[in-house]
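What follows is the content of data23.tsv, which has TSV, C-alpha atoms and all ligand atoms:
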```tsv
chain	number	residue	atom	x	y	z
A	1	MET	CA	9.86	111.80	-8.95
A	2	LYS	CA	8.68	108.49	-10.35
A	3	ILE	CA	6.92	105.50	-8.80
A	4	ALA	CA	9.49	102.71	-8.70
A	5	SER	CA	7.77	99.77	-6.97
A	6	PHE	CA	4.72	98.74	-4.96
A	7	GLU	CA	3.57	96.21	-2.38
A	8	SER	CA	0.08	95.29	-1.15
A	9	GLU	CA	-1.29	93.18	1.70
A	10	ILE	CA	-4.76	92.29	3.05
A	11	TYR	CA	-5.65	92.43	6.75
A	12	ARG	CA	-8.85	91.49	8.56
A	13	VAL	CA	-9.01	93.55	11.76
A	14	PRO	CA	-11.59	93.00	14.54
A	15	LEU	CA	-13.88	95.89	15.49
A	16	THR	CA	-13.47	97.15	19.03
A	17	GLU	CA	-17.27	96.79	19.40
A	18	ALA	CA	-19.65	94.68	17.26
A	19	TRP	CA	-21.88	96.54	14.81
A	20	GLY	CA	-25.60	96.10	14.15
A	21	SER	CA	-27.82	98.19	11.88
A	22	SER	CA	-31.23	97.83	10.20
A	23	ASN	CA	-29.82	95.30	7.74
A	24	TYR	CA	-26.29	94.21	8.68
A	25	SER	CA	-24.24	92.88	11.52
A	26	PHE	CA	-20.50	92.26	11.66
A	27	THR	CA	-17.39	92.17	13.77
A	28	SER	CA	-14.39	92.96	11.52
A	29	LEU	CA	-13.21	95.11	8.62
A	30	GLU	CA	-10.84	94.19	5.81
A	31	PHE	CA	-8.07	96.63	4.92
A	32	VAL	CA	-5.87	96.44	1.82
A	33	ILE	CA	-2.71	98.46	2.44
A	34	VAL	CA	-0.48	99.61	-0.42
A	35	SER	CA	3.07	100.96	-0.27
A	36	LEU	CA	4.38	102.92	-3.24
A	37	LYS	CA	8.14	103.48	-3.32
A	38	SER	CA	9.48	106.43	-5.32
A	39	ASP	CA	12.75	106.46	-7.23
A	40	ASN	CA	14.22	108.85	-4.64
A	41	GLY	CA	13.49	106.49	-1.75
A	42	LEU	CA	10.21	107.88	-0.31
A	43	ILE	CA	7.45	105.46	0.64
A	44	GLY	CA	3.82	106.52	0.23
A	45	THR	CA	1.15	104.62	2.17
A	46	GLY	CA	-2.39	104.09	0.94
A	47	TRP	CA	-5.23	101.84	1.98
A	48	THR	CA	-8.84	100.97	1.37
A	49	PHE	CA	-11.40	98.99	3.36
A	50	SER	CA	-14.39	96.71	3.06
A	51	VAL	CA	-17.01	95.54	5.54
A	52	GLY	CA	-16.34	91.85	5.04
A	53	ASN	CA	-16.53	91.18	1.31
A	54	GLY	CA	-14.14	92.51	-1.30
A	55	GLY	CA	-10.62	92.67	0.10
A	56	ALA	CA	-9.21	89.99	-2.20
A	57	ALA	CA	-10.89	91.61	-5.21
A	58	PHE	CA	-9.39	94.99	-4.29
A	59	LYS	CA	-5.93	93.44	-3.97
A	60	SER	CA	-6.22	91.66	-7.34
A	61	MET	CA	-7.35	94.87	-9.03
A	62	ILE	CA	-4.40	96.71	-7.49
A	63	ASP	CA	-1.76	94.04	-8.16
A	64	TYR	CA	-2.71	93.01	-11.68
A	65	TYR	CA	-4.28	96.11	-13.22
A	66	LEU	CA	-3.83	99.41	-11.34
A	67	ALA	CA	-0.35	99.49	-9.80
A	68	PRO	CA	1.33	98.35	-13.06
A	69	LYS	CA	-0.27	101.36	-14.78
A	70	VAL	CA	1.31	103.87	-12.40
A	71	LEU	CA	4.76	102.24	-12.17
A	72	GLY	CA	7.41	104.42	-13.80
A	73	GLN	CA	5.02	107.41	-13.89
A	74	ASP	CA	5.56	110.92	-12.48
A	75	VAL	CA	3.96	111.24	-9.02
A	76	PHE	CA	3.12	114.91	-9.68
A	77	GLN	CA	0.80	113.98	-12.55
A	78	VAL	CA	-1.82	113.04	-10.00
A	79	GLU	CA	-4.85	113.87	-12.16
A	80	ARG	CA	-3.40	111.93	-15.09
A	81	LEU	CA	-2.68	108.89	-12.94
A	82	TRP	CA	-6.19	108.89	-11.43
A	83	SER	CA	-7.85	109.26	-14.85
A	84	ARG	CA	-5.67	106.56	-16.32
A	85	MET	CA	-6.58	104.08	-13.57
A	86	TRP	CA	-10.29	104.90	-13.76
A	87	LEU	CA	-10.64	104.91	-17.54
A	88	GLU	CA	-8.54	101.76	-18.04
A	89	THR	CA	-10.83	99.81	-15.66
A	90	HIS	CA	-14.08	101.55	-16.60
A	91	ASP	CA	-15.29	98.60	-18.66
A	92	VAL	CA	-15.42	96.35	-15.61
A	93	GLY	CA	-17.31	98.93	-13.57
A	94	SER	CA	-16.94	102.66	-13.15
A	95	SER	CA	-17.44	102.30	-9.40
A	96	GLY	CA	-17.31	99.77	-6.60
A	97	VAL	CA	-14.29	97.45	-6.62
A	98	THR	CA	-12.53	99.73	-9.09
A	99	THR	CA	-12.90	102.94	-7.08
A	100	HIS	CA	-12.14	101.16	-3.78
A	101	ALA	CA	-8.90	99.85	-5.30
A	102	ILE	CA	-7.99	103.17	-6.97
A	103	ALA	CA	-8.37	104.83	-3.54
A	104	ALA	CA	-5.50	102.84	-2.04
A	105	ILE	CA	-3.11	103.98	-4.76
A	106	ASP	CA	-4.40	107.56	-4.90
A	107	ILE	CA	-3.98	107.97	-1.12
A	108	ALA	CA	-0.40	106.65	-1.39
A	109	ILE	CA	0.30	109.12	-4.22
A	110	TRP	CA	-0.93	112.06	-2.10
A	111	ASP	CA	1.25	110.81	0.76
A	112	LEU	CA	4.27	110.84	-1.56
A	113	LEU	CA	3.39	114.38	-2.75
A	114	GLY	CA	3.22	115.64	0.82
A	115	GLN	CA	6.51	114.03	1.75
A	116	ALA	CA	8.24	115.35	-1.38
A	117	LEU	CA	7.01	118.91	-0.69
A	118	ARG	CA	7.51	118.51	3.10
A	119	GLN	CA	3.93	119.58	3.82
A	120	PRO	CA	1.10	117.89	5.73
A	121	LEU	CA	-1.85	117.00	3.54
A	122	HIS	CA	-4.24	119.53	5.11
A	123	ARG	CA	-1.92	122.38	4.01
A	124	LEU	CA	-1.37	120.86	0.58
A	125	LEU	CA	-5.13	120.65	-0.02
A	126	GLY	CA	-6.09	124.12	1.10
A	127	GLY	CA	-5.17	125.00	4.70
A	128	TYR	CA	-8.53	126.40	5.86
A	129	ARG	CA	-8.43	125.68	9.64
A	130	ASP	CA	-6.51	123.86	12.35
A	131	SER	CA	-9.12	121.52	13.86
A	132	LEU	CA	-12.43	119.91	12.95
A	133	PRO	CA	-15.47	119.18	15.14
A	134	GLY	CA	-17.10	115.76	14.97
A	135	TYR	CA	-19.99	113.67	16.17
A	136	GLY	CA	-20.21	110.46	18.13
A	137	SER	CA	-21.58	107.77	15.85
A	138	GLY	CA	-22.81	104.35	16.90
A	139	VAL	CA	-23.75	101.31	14.82
A	140	ASN	CA	-26.05	100.47	17.63
A	141	LEU	CA	-29.46	99.13	16.58
A	142	HIS	CA	-28.70	95.82	18.33
A	143	LEU	CA	-28.08	97.54	21.68
A	144	ASP	CA	-30.88	97.67	24.23
A	145	GLN	CA	-31.90	101.12	25.43
A	146	ASP	CA	-29.63	101.13	28.49
A	147	ALA	CA	-26.59	100.15	26.40
A	148	LEU	CA	-27.55	102.72	23.76
A	149	LEU	CA	-27.70	105.51	26.36
A	150	ALA	CA	-24.41	104.33	27.87
A	151	GLN	CA	-22.79	104.61	24.44
A	152	MET	CA	-24.16	108.14	24.01
A	153	GLU	CA	-22.84	109.02	27.47
A	154	SER	CA	-19.39	107.81	26.42
A	155	PHE	CA	-19.60	110.12	23.38
A	156	GLN	CA	-20.43	113.02	25.71
A	157	ALA	CA	-17.37	112.11	27.77
A	158	GLN	CA	-15.25	112.60	24.62
A	159	GLY	CA	-16.68	116.11	24.37
A	160	TYR	CA	-18.99	115.49	21.42
A	161	ARG	CA	-22.02	117.76	21.15
A	162	ALA	CA	-23.49	115.94	18.14
A	163	PHE	CA	-24.65	112.33	18.06
A	164	LYS	CA	-25.86	109.75	15.57
A	165	MET	CA	-27.84	106.57	16.18
A	166	LYS	CA	-29.37	103.83	14.06
A	167	ILE	CA	-33.08	103.44	13.44
A	168	GLY	CA	-34.97	100.62	11.73
A	169	LYS	CA	-36.66	98.54	14.40
A	170	ASP	CA	-39.63	96.51	13.16
A	171	ASP	CA	-41.91	98.49	15.47
A	172	PRO	CA	-41.81	102.22	14.62
A	173	HIS	CA	-42.87	103.07	18.18
A	174	GLU	CA	-39.69	101.39	19.42
A	175	ASP	CA	-37.62	103.65	17.17
A	176	LEU	CA	-39.53	106.66	18.49
A	177	GLU	CA	-38.97	105.63	22.10
A	178	ARG	CA	-35.21	105.08	21.59
A	179	VAL	CA	-34.75	108.35	19.69
A	180	MET	CA	-36.68	110.35	22.31
A	181	ALA	CA	-34.69	108.71	25.11
A	182	VAL	CA	-31.44	109.80	23.45
A	183	ARG	CA	-32.84	113.29	22.78
A	184	ALA	CA	-33.78	113.63	26.46
A	185	MET	CA	-30.29	112.57	27.47
A	186	VAL	CA	-28.25	114.79	25.10
A	187	GLY	CA	-30.51	117.83	25.52
A	188	ASN	CA	-32.39	120.03	23.08
A	189	THR	CA	-29.40	122.01	21.83
A	190	ALA	CA	-27.31	118.98	20.77
A	191	ARG	CA	-27.41	117.83	17.17
A	192	LEU	CA	-29.04	114.42	16.87
A	193	MET	CA	-28.94	112.43	13.63
A	194	VAL	CA	-30.50	109.08	12.67
A	195	ASP	CA	-29.40	106.52	10.08
A	196	ALA	CA	-31.80	104.00	8.48
A	197	ASN	CA	-29.14	102.30	6.29
A	198	GLN	CA	-31.41	102.18	3.23
A	199	LYS	CA	-34.01	99.96	4.89
A	200	TRP	CA	-37.35	101.31	3.66
A	201	HIS	CA	-39.23	102.19	0.50
A	202	PRO	CA	-39.90	105.94	0.20
A	203	SER	CA	-43.55	105.80	1.34
A	204	GLU	CA	-42.59	103.92	4.49
A	205	VAL	CA	-39.78	106.36	5.21
A	206	ILE	CA	-42.21	109.28	5.05
A	207	ARG	CA	-44.67	107.57	7.42
A	208	ARG	CA	-42.03	106.46	9.91
A	209	VAL	CA	-39.82	109.52	10.02
A	210	ASP	CA	-42.81	111.85	10.31
A	211	MET	CA	-43.37	110.16	13.69
A	212	LEU	CA	-39.86	111.27	14.77
A	213	LYS	CA	-40.62	114.97	14.28
A	214	PRO	CA	-40.64	115.73	18.05
A	215	ALA	CA	-36.94	114.74	18.18
A	216	ASN	CA	-35.95	117.72	15.95
A	217	LEU	CA	-33.42	115.67	14.00
A	218	PHE	CA	-30.42	117.35	12.39
A	219	TRP	CA	-30.41	114.84	9.52
A	220	LEU	CA	-31.97	111.60	8.31
A	221	GLU	CA	-29.30	109.41	6.71
A	222	GLU	CA	-29.77	106.92	3.86
A	223	PRO	CA	-33.55	106.57	4.30
A	224	THR	CA	-33.98	104.42	1.16
A	225	LEU	CA	-31.90	102.48	-1.37
A	226	SER	CA	-28.86	104.57	-2.23
A	227	ASP	CA	-29.44	103.96	-5.96
A	228	ASP	CA	-32.93	105.53	-5.83
A	229	VAL	CA	-32.35	109.21	-6.61
A	230	ASP	CA	-36.03	109.99	-7.28
A	231	GLY	CA	-37.00	108.26	-4.04
A	232	HIS	CA	-34.65	110.48	-2.07
A	233	ALA	CA	-36.05	113.56	-3.85
A	234	LEU	CA	-39.60	112.49	-2.95
A	235	ILE	CA	-38.67	111.89	0.69
A	236	ARG	CA	-36.93	115.25	0.87
A	237	SER	CA	-40.02	117.01	-0.55
A	238	LYS	CA	-42.29	115.47	2.11
A	239	LEU	CA	-40.22	115.76	5.30
A	240	VAL	CA	-38.91	118.72	7.26
A	241	THR	CA	-35.89	116.65	8.40
A	242	PRO	CA	-32.83	117.27	6.19
A	243	VAL	CA	-31.80	114.25	4.09
A	244	ALA	CA	-28.15	113.07	4.04
A	245	VAL	CA	-26.81	110.64	1.43
A	246	GLY	CA	-23.50	109.61	-0.01
A	247	GLU	CA	-21.71	106.88	1.92
A	248	SER	CA	-22.88	104.38	-0.71
A	249	LEU	CA	-22.16	106.57	-3.74
A	250	TYR	CA	-18.95	105.97	-5.65
A	251	THR	CA	-18.32	108.70	-8.22
A	252	LYS	CA	-18.70	112.46	-8.62
A	253	HIS	CA	-21.28	111.70	-11.31
A	254	GLN	CA	-23.50	109.88	-8.83
A	255	PHE	CA	-23.19	112.81	-6.42
A	256	ALA	CA	-24.04	115.22	-9.26
A	257	HIS	CA	-27.31	113.33	-9.89
A	258	GLN	CA	-28.29	113.48	-6.22
A	259	ILE	CA	-27.47	117.18	-5.91
A	260	THR	CA	-28.98	118.47	-9.16
A	261	ARG	CA	-32.19	116.46	-8.73
A	262	GLY	CA	-32.83	117.90	-5.30
A	263	ALA	CA	-32.36	114.58	-3.49
A	264	CYS	CA	-30.19	115.69	-0.57
A	265	ASP	CA	-29.43	118.47	1.90
A	266	ILE	CA	-26.06	117.09	3.04
A	267	VAL	CA	-23.62	114.81	1.19
A	268	GLN	CA	-21.50	112.14	2.86
A	269	PRO	CA	-18.73	110.87	0.57
A	270	ASP	CA	-16.48	108.06	1.76
A	271	VAL	CA	-12.87	108.70	0.74
A	272	TYR	CA	-12.23	105.00	0.07
A	273	ARG	CA	-15.41	104.25	-1.86
A	274	VAL	CA	-15.06	107.25	-4.20
A	275	GLY	CA	-11.52	106.45	-5.30
A	276	GLY	CA	-9.42	108.44	-2.86
A	277	ILE	CA	-8.54	112.05	-2.22
A	278	THR	CA	-8.49	113.22	-5.86
A	279	GLU	CA	-12.15	112.32	-6.48
A	280	PHE	CA	-13.23	113.25	-2.96
A	281	MET	CA	-11.99	116.83	-3.42
A	282	LYS	CA	-14.04	117.18	-6.62
A	283	ILE	CA	-17.19	116.08	-4.78
A	284	VAL	CA	-16.44	118.55	-1.97
A	285	LYS	CA	-16.01	121.42	-4.46
A	286	MET	CA	-19.16	120.44	-6.36
A	287	ALA	CA	-21.13	120.45	-3.10
A	288	GLU	CA	-19.66	123.84	-2.21
A	289	SER	CA	-20.85	125.31	-5.51
A	290	HIS	CA	-24.41	124.13	-4.64
A	291	ASN	CA	-24.13	125.47	-1.06
A	292	ILE	CA	-24.42	121.94	0.33
A	293	PRO	CA	-22.41	120.96	3.41
A	294	VAL	CA	-20.33	117.79	3.46
A	295	ALA	CA	-20.34	115.37	6.39
A	296	PRO	CA	-17.86	112.67	5.30
A	297	HIS	CA	-18.46	109.02	6.09
A	298	PHE	CA	-15.84	107.16	8.20
A	299	GLY	CA	-12.09	107.70	7.47
A	300	MET	CA	-11.37	110.03	10.41
A	301	GLU	CA	-7.60	110.14	9.90
A	302	LEU	CA	-7.93	111.39	6.30
A	303	VAL	CA	-11.08	113.43	6.92
A	304	ALA	CA	-9.09	115.34	9.55
A	305	HIS	CA	-6.83	116.58	6.73
A	306	ILE	CA	-9.52	117.22	4.12
A	307	GLY	CA	-11.89	118.79	6.64
A	308	CYS	CA	-9.22	121.22	7.76
A	309	ALA	CA	-8.35	122.06	4.16
A	310	VAL	CA	-11.72	123.40	2.93
A	311	PRO	CA	-14.60	125.50	4.31
A	312	ASN	CA	-17.66	123.34	3.60
A	313	ILE	CA	-16.92	120.20	5.61
A	314	LEU	CA	-19.28	120.21	8.55
A	315	CYS	CA	-17.79	117.55	10.79
A	316	PHE	CA	-16.00	114.22	10.99
A	317	GLU	CA	-17.66	110.95	11.97
A	318	GLY	CA	-16.32	109.60	15.26
A	319	LEU	CA	-17.40	106.07	14.49
A	320	ARG	CA	-17.34	103.77	17.53
A	321	GLY	CA	-15.84	100.35	16.89
A	322	ALA	CA	-13.64	101.04	13.90
A	323	GLY	CA	-11.15	103.52	12.52
A	324	LEU	CA	-7.40	103.21	12.39
A	325	SER	CA	-6.85	105.10	15.67
A	326	GLU	CA	-9.46	103.22	17.69
A	327	MET	CA	-8.37	99.81	16.36
A	328	GLY	CA	-4.81	100.45	17.54
A	329	ILE	CA	-3.16	99.73	14.18
A	330	ILE	CA	-1.33	103.03	13.55
A	331	GLU	CA	1.74	104.43	15.26
A	332	ARG	CA	0.32	107.93	15.94
A	333	PRO	CA	-3.41	107.59	16.59
A	334	LEU	CA	-5.56	110.75	16.53
A	335	THR	CA	-7.16	111.74	19.82
A	336	VAL	CA	-10.61	113.32	20.09
A	337	THR	CA	-10.39	116.30	22.46
A	338	ASP	CA	-13.49	118.32	23.33
A	339	GLY	CA	-15.23	116.65	20.39
A	340	THR	CA	-12.63	117.84	17.86
A	341	ILE	CA	-9.56	116.43	16.09
A	342	GLN	CA	-6.41	117.91	14.68
A	343	PRO	CA	-4.77	116.33	11.63
A	344	ASP	CA	-1.30	114.83	11.84
A	345	ASP	CA	1.21	117.60	11.13
A	346	THR	CA	4.01	115.54	9.59
A	347	PRO	CA	4.58	115.58	5.80
A	348	GLY	CA	1.96	113.64	3.84
A	349	HIS	CA	-1.04	112.22	5.69
A	350	GLY	CA	1.09	110.94	8.55
A	351	VAL	CA	-0.67	107.57	8.83
A	352	ARG	CA	2.03	105.00	9.57
A	353	PHE	CA	0.69	101.51	10.21
A	354	ASP	CA	2.06	99.56	13.16
A	355	MET	CA	3.22	96.46	11.33
A	356	GLY	CA	3.98	94.69	14.60
A	357	VAL	CA	0.31	94.87	15.55
A	358	LEU	CA	-1.02	94.27	12.04
A	359	ALA	CA	1.02	91.09	11.43
A	360	GLN	CA	-1.48	88.95	13.39
A	361	TYR	CA	-4.32	90.10	11.11
A	362	ARG	CA	-2.65	89.43	7.74
A	363	GLN	CA	-4.73	87.37	5.30
A	364	THR	CA	-4.24	85.56	2.02
A	365	PRO	CA	-6.99	85.48	-0.62
A	366	GLU	CA	-7.17	81.70	-0.08
A	367	ARG	CA	-7.81	82.13	3.65
A	368	LEU	CA	-10.47	84.77	2.98
A	369	ALA	CA	-12.20	82.29	0.66
A	370	ARG	CA	-12.18	79.68	3.43
A	371	GLU	CA	-13.24	81.98	6.26
A	372	GLN	CA	-16.34	83.62	4.79
A	373	VAL	CA	-17.96	86.56	6.56
A	374	THR	CA	-21.72	87.06	6.36
A	375	THR	CA	-22.82	90.62	7.03
A	376	ARG	CA	-26.41	90.97	5.84
A	377	THR	CA	-29.22	90.09	8.20
A	378	ASP	CA	-32.05	90.74	5.73
A	379	VAL	CA	-31.34	88.23	2.91
B	401	MG	MG	-24.56	105.60	7.51
```

With the file now loaded, output its structure as C-alpha cells.
Ligand SMILES: [Mg+2]
Amino acid sequence: MKIASFESEIYRVPLTEAWGSSNYSFTSLEFVIVSLKSDNGLIGTGWTFSVGNGGAAFKSMIDYYLAPKVLGQDVFQVERLWSRMWLETHDVGSSGVTTHAIAAIDIAIWDLLGQALRQPLHRLLGGYRDSLPGYGSGVNLHLDQDALLAQMESFQAQGYRAFKMKIGKDDPHEDLERVMAVRAMVGNTARLMVDANQKWHPSEVIRRVDMLKPANLFWLEEPTLSDDVDGHALIRSKLVTPVAVGESLYTKHQFAHQITRGACDIVQPDVYRVGGITEFMKIVKMAESHNIPVAPHFGMELVAHIGCAVPNILCFEGLRGAGLSEMGIIERPLTVTDGTIQPDDTPGHGVRFDMGVLAQYRQTPERLAREQVTTRTDV
C-alpha cells in the first residue's frame, strides 16, 4: 500500500474558554490537518497544533519538504518514513517546527495502517486496557478564586478525582491561598497538581514551592525553563514534591537527558510536539525502562489510544477549553465518564473532522500574517 497523494489546510479554532497562565494568555489554537490518500483508496487523517504561532510554517514544511518525501512510499515502512522525514530536515532543526510538521504526517500514516489492518490504534499499539483515567486541567491563573473553584467543581461533576491548576502569581502567598482553597474543596485523597509553566529560576522555585508543602501535591509541572536540565535536577533534589516535565520537549534525546540526569519523576510528552505516534511510543518505552510514569500533555483523542495500549501511562489530561472533542470539530467526540475515557473503536484512530464546522475557521498563510496573535504576557 503506497501513499498516492496528500492535502493540507490550516484552521484557527477558538478555545471554548480563554486561557491564562504564568506567562501566556490566548483564545485560539491553530491546527494543520493533513489527508494522505493511499493507492487503494484509503484516506489517513493527521494533524498538528500550535498555540498561535507556527501554523503557516508547519504547512510549508509539510507541503514543500515532508509530504513529497513520503509520496509513492510503502505505508508499512513507518520507521523508515519517520527517519527519512526527520533526517532530511535535521539541518533546519531537529525539533520544533520540524517535529510538529512530521507529527501530522506520522499520525495520518498510523491511521492508514489501522484502516488497512482493520484495527483501532489502541489494539495496534499494544492493547493493554479498555479505558484510561484522567484529570481535570485548567489554564486558570487569570481566574479569581471563586471562578477557579467553580472550574474545579465542574471537573468533579465529570467524575475526575485528580485536578491540575496553574500557579505563578506575583505574590507567593496568593498562590498558597488558591492552592489550599482547591485542596480543601477536592479533599485530601484527591490528586492535586500544579503547573508553573517555566516561570521561575531554580532557586525561586525551591523557595516558593516549599511553601506549598501543606497541599501535598502530586506533581509540580515545568517549574523552570524546559531547556534547563540541571535546574530541574537541582529542584528535584531539594523538594519532596515530584517534578513533571516534557510538554516542551521535542525528541526522545531530550527526554533521555532529563531522565538519565535525574531531572524528573514523571514525563509528559506531547504527541504533536515530539513528531507523532512513532516517536511518542519510543519515549513511553524509554520511560518504562526507567520505571517512570508518563502523563501525556494534551491530545486526549490520541492519548486515549496510546494510554490504553501500554501499562505505564498514568492518565490523560482533560484540558478545559481545547481539544478536538470539546471544540466540537470532530464527528465522534470522546465523552469523559466517571473521569475516564475509552478510545474510538473504529479502524485507525477514528478521528474524523467535521468539515462543515471547520470550514468557518479555515485560514491562508497570508491571512495569518495579517491577523497576528500575541500570546506571551511576559515579554
Ligand atoms: Mg503544562

Please give me, as a VMD selection string, the residues lying within 7 Å of ligand MG 401 (chain B) when counting only C-alpha atoms and all ligand atoms. chain A and resid 195 197 221 to 222 247

Set out as a Markdown table a contact list for range 322-370 of chain A and range 36-53 of chain A with a cut-off of 10 Å, giving each residue of range 322-370 of chain A that qualifies its closest atom pair and distance in Å to one decimal, counting all atoms listed in the file, ordered by chain and rising residue number.
```
| residue | atom | partner | partner_atom | distance |
| --- | --- | --- | --- | --- |
| A:Gly348 | CA | A:Gly44 | CA | 8.2 |
| A:His349 | CA | A:Thr45 | CA | 8.7 |
| A:Gly350 | CA | A:Thr45 | CA | 9.0 |
| A:Val351 | CA | A:Thr45 | CA | 7.5 |
| A:Arg352 | CA | A:Thr45 | CA | 7.5 |
| A:Phe353 | CA | A:Thr45 | CA | 8.6 |
| A:Leu368 | CA | A:Asn53 | CA | 9.0 |
| A:Ala369 | CA | A:Asn53 | CA | 9.9 |
```

If you count only C-alpha atoms, which residues fall within 9 Å of range 140-156 of chain A, apart from same-chain ones fewer than 2 positions away, as an mmCIF file with C-alpha atoms, in the coordinates of the input?
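Just written: selection-v3.cif:
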```
data_model
loop_
_atom_site.group_PDB
_atom_site.id
_atom_site.type_symbol
_atom_site.label_atom_id
_atom_site.label_comp_id
_atom_site.auth_asym_id
_atom_site.auth_seq_id
_atom_site.Cartn_x
_atom_site.Cartn_y
_atom_site.Cartn_z
ATOM 1 C CA ALA A 18 -19.650 94.680 17.260
ATOM 2 C CA TRP A 19 -21.880 96.540 14.810
ATOM 3 C CA GLY A 20 -25.600 96.100 14.150
ATOM 4 C CA SER A 21 -27.820 98.190 11.880
ATOM 5 C CA SER A 22 -31.230 97.830 10.200
ATOM 6 C CA SER A 25 -24.240 92.880 11.520
ATOM 7 C CA TYR A 135 -19.990 113.670 16.170
ATOM 8 C CA GLY A 136 -20.210 110.460 18.130
ATOM 9 C CA SER A 137 -21.580 107.770 15.850
ATOM 10 C CA GLY A 138 -22.810 104.350 16.900
ATOM 11 C CA GLN A 158 -15.250 112.600 24.620
ATOM 12 C CA GLY A 159 -16.680 116.110 24.370
ATOM 13 C CA TYR A 160 -18.990 115.490 21.420
ATOM 14 C CA ARG A 161 -22.020 117.760 21.150
ATOM 15 C CA ALA A 162 -23.490 115.940 18.140
ATOM 16 C CA PHE A 163 -24.650 112.330 18.060
ATOM 17 C CA LYS A 164 -25.860 109.750 15.570
ATOM 18 C CA MET A 165 -27.840 106.570 16.180
ATOM 19 C CA LYS A 166 -29.370 103.830 14.060
ATOM 20 C CA ILE A 167 -33.080 103.440 13.440
ATOM 21 C CA GLY A 168 -34.970 100.620 11.730
ATOM 22 C CA LYS A 169 -36.660 98.540 14.400
ATOM 23 C CA ARG A 178 -35.210 105.080 21.590
ATOM 24 C CA ALA A 181 -34.690 108.710 25.110
ATOM 25 C CA VAL A 182 -31.440 109.800 23.450
ATOM 26 C CA MET A 185 -30.290 112.570 27.470
ATOM 27 C CA VAL A 186 -28.250 114.790 25.100
ATOM 28 C CA GLY A 318 -16.320 109.600 15.260
ATOM 29 C CA ARG A 320 -17.340 103.770 17.530
ATOM 30 C CA GLY A 339 -15.230 116.650 20.390
#
```

Could you give me the axis-aligned bounding box of range 256-273 of chain A, with 6 Å of padding per side, as centre plus edge lengths in Å to one decimal, as lines of an AutoDock Vina configuration file?
```
center_x = -22.5
center_y = 111.4
center_z = -3.4
size_x = 32.6
size_y = 26.2
size_z = 24.9
```

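Distance check against Ala309 in chain A using all atoms listed in the file: of A:Ala256, A:Leu132, A:Ala196, A:Met327, the minimum falls on A:Leu132.
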
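CA of Thr224 in chain A lies 11.2 Å from CA of Arg236 in chain A.
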
Just want the 8 Å neighbourhood of range 357-361 of chain A, counted on only C-alpha atoms, with same-chain residues fewer than 2 positions away dropped. Output as a PyMOL selection string. chain A and resi 11-13+328-329+353-355+363

Once you have the residues from the selection above, write them out as a tab-separated table (two decimals), in the frame of the given file, restricted to C-alpha atoms.
```
chain	number	residue	atom	x	y	z
A	11	TYR	CA	-5.65	92.43	6.75
A	12	ARG	CA	-8.85	91.49	8.56
A	13	VAL	CA	-9.01	93.55	11.76
A	328	GLY	CA	-4.81	100.45	17.54
A	329	ILE	CA	-3.16	99.73	14.18
A	353	PHE	CA	0.69	101.51	10.21
A	354	ASP	CA	2.06	99.56	13.16
A	355	MET	CA	3.22	96.46	11.33
A	363	GLN	CA	-4.73	87.37	5.30
```

Residues within 8 Å of Ile341 in chain A, all atoms listed in the file, excluding chain neighbours under 3 positions, as a PyMOL selection string: chain A and resi 131-134+304+334-337

Considering all atoms listed in the file, return as a PyMOL selection string whatever protein or nucleic-acid residues lie within 10 Å of Val267 in chain A, sequence-local ones (same chain, fewer than 4 positions apart) excluded. chain A and resi 221+243-247+249+255+258-259+263+283-284+287+292-297+313

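A straight line drawn from CA of Thr241 in chain A to CA of Gly307 in chain A is 24.2 Å long.
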
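Between CA of Ser28 in chain A and CA of Gly54 in chain A lies a distance of 12.8 Å.
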
Just want the 9 Å neighbourhood of Phe280 in chain A, counted on only C-alpha atoms, with same-chain residues fewer than 4 positions away dropped. Output as a ChimeraX atom specification. /A:251-252,269-272,274-276,284-285,306

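The residue that comes closest to Glu279 in chain A, out of A:Tyr65, A:Leu212, A:His253, A:Glu331 and on the basis of all atoms listed in the file, is A:His253.
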
Closest to Arg367 in chain A among A:Val34, A:Ala56, A:Ile206, A:Cys315, using only C-alpha atoms? A:Ala56

With only C-alpha atoms as the atoms that count, which of A:Ala57, A:Cys264, A:Leu220, A:Ile102 lies nearest to Val70 in chain A? A:Ile102

Best match for closeness to Ile266 in chain A among A:Leu314, A:Thr27, A:Asp106, A:Ser226, counting all atoms listed in the file: A:Leu314

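Among the candidate residues A:Leu302, A:Val229, A:Cys308, A:Ile62, the one lying nearest to Leu324 in chain A is A:Leu302, with distances computed using all atoms listed in the file.
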
Have range 134-141 of chain A completed to N, CA and C atoms, please, and pass it along as a PDB file, in the frame of the given file.
```pdb
ATOM      1  N   GLY A 134     -16.527 117.023  15.444  1.00  0.00           N
ATOM      2  CA  GLY A 134     -17.100 115.760  14.970  1.00  0.00           C
ATOM      3  C   GLY A 134     -18.340 115.379  15.744  1.00  0.00           C
ATOM      4  N   TYR A 135     -18.843 114.192  15.430  1.00  0.00           N
ATOM      5  CA  TYR A 135     -19.990 113.670  16.170  1.00  0.00           C
ATOM      6  C   TYR A 135     -19.735 112.223  16.555  1.00  0.00           C
ATOM      7  N   GLY A 136     -20.289 111.853  17.698  1.00  0.00           N
ATOM      8  CA  GLY A 136     -20.210 110.460  18.130  1.00  0.00           C
ATOM      9  C   GLY A 136     -21.217 109.638  17.351  1.00  0.00           C
ATOM     10  N   SER A 137     -20.746 108.543  16.756  1.00  0.00           N
ATOM     11  CA  SER A 137     -21.580 107.770  15.850  1.00  0.00           C
ATOM     12  C   SER A 137     -21.560 106.301  16.248  1.00  0.00           C
ATOM     13  N   GLY A 138     -22.740 105.739  16.476  1.00  0.00           N
ATOM     14  CA  GLY A 138     -22.810 104.350  16.900  1.00  0.00           C
ATOM     15  C   GLY A 138     -23.572 103.478  15.917  1.00  0.00           C
ATOM     16  N   VAL A 139     -23.031 102.305  15.630  1.00  0.00           N
ATOM     17  CA  VAL A 139     -23.750 101.310  14.820  1.00  0.00           C
ATOM     18  C   VAL A 139     -24.440 100.406  15.832  1.00  0.00           C
ATOM     19  N   ASN A 140     -25.578 100.898  16.319  1.00  0.00           N
ATOM     20  CA  ASN A 140     -26.050 100.470  17.630  1.00  0.00           C
ATOM     21  C   ASN A 140     -27.505  99.978  17.679  1.00  0.00           C
ATOM     22  N   LEU A 141     -28.047  99.559  16.549  1.00  0.00           N
ATOM     23  CA  LEU A 141     -29.460  99.130  16.580  1.00  0.00           C
ATOM     24  C   LEU A 141     -29.657  97.861  17.417  1.00  0.00           C
TER      25      LEU A 141
END
```
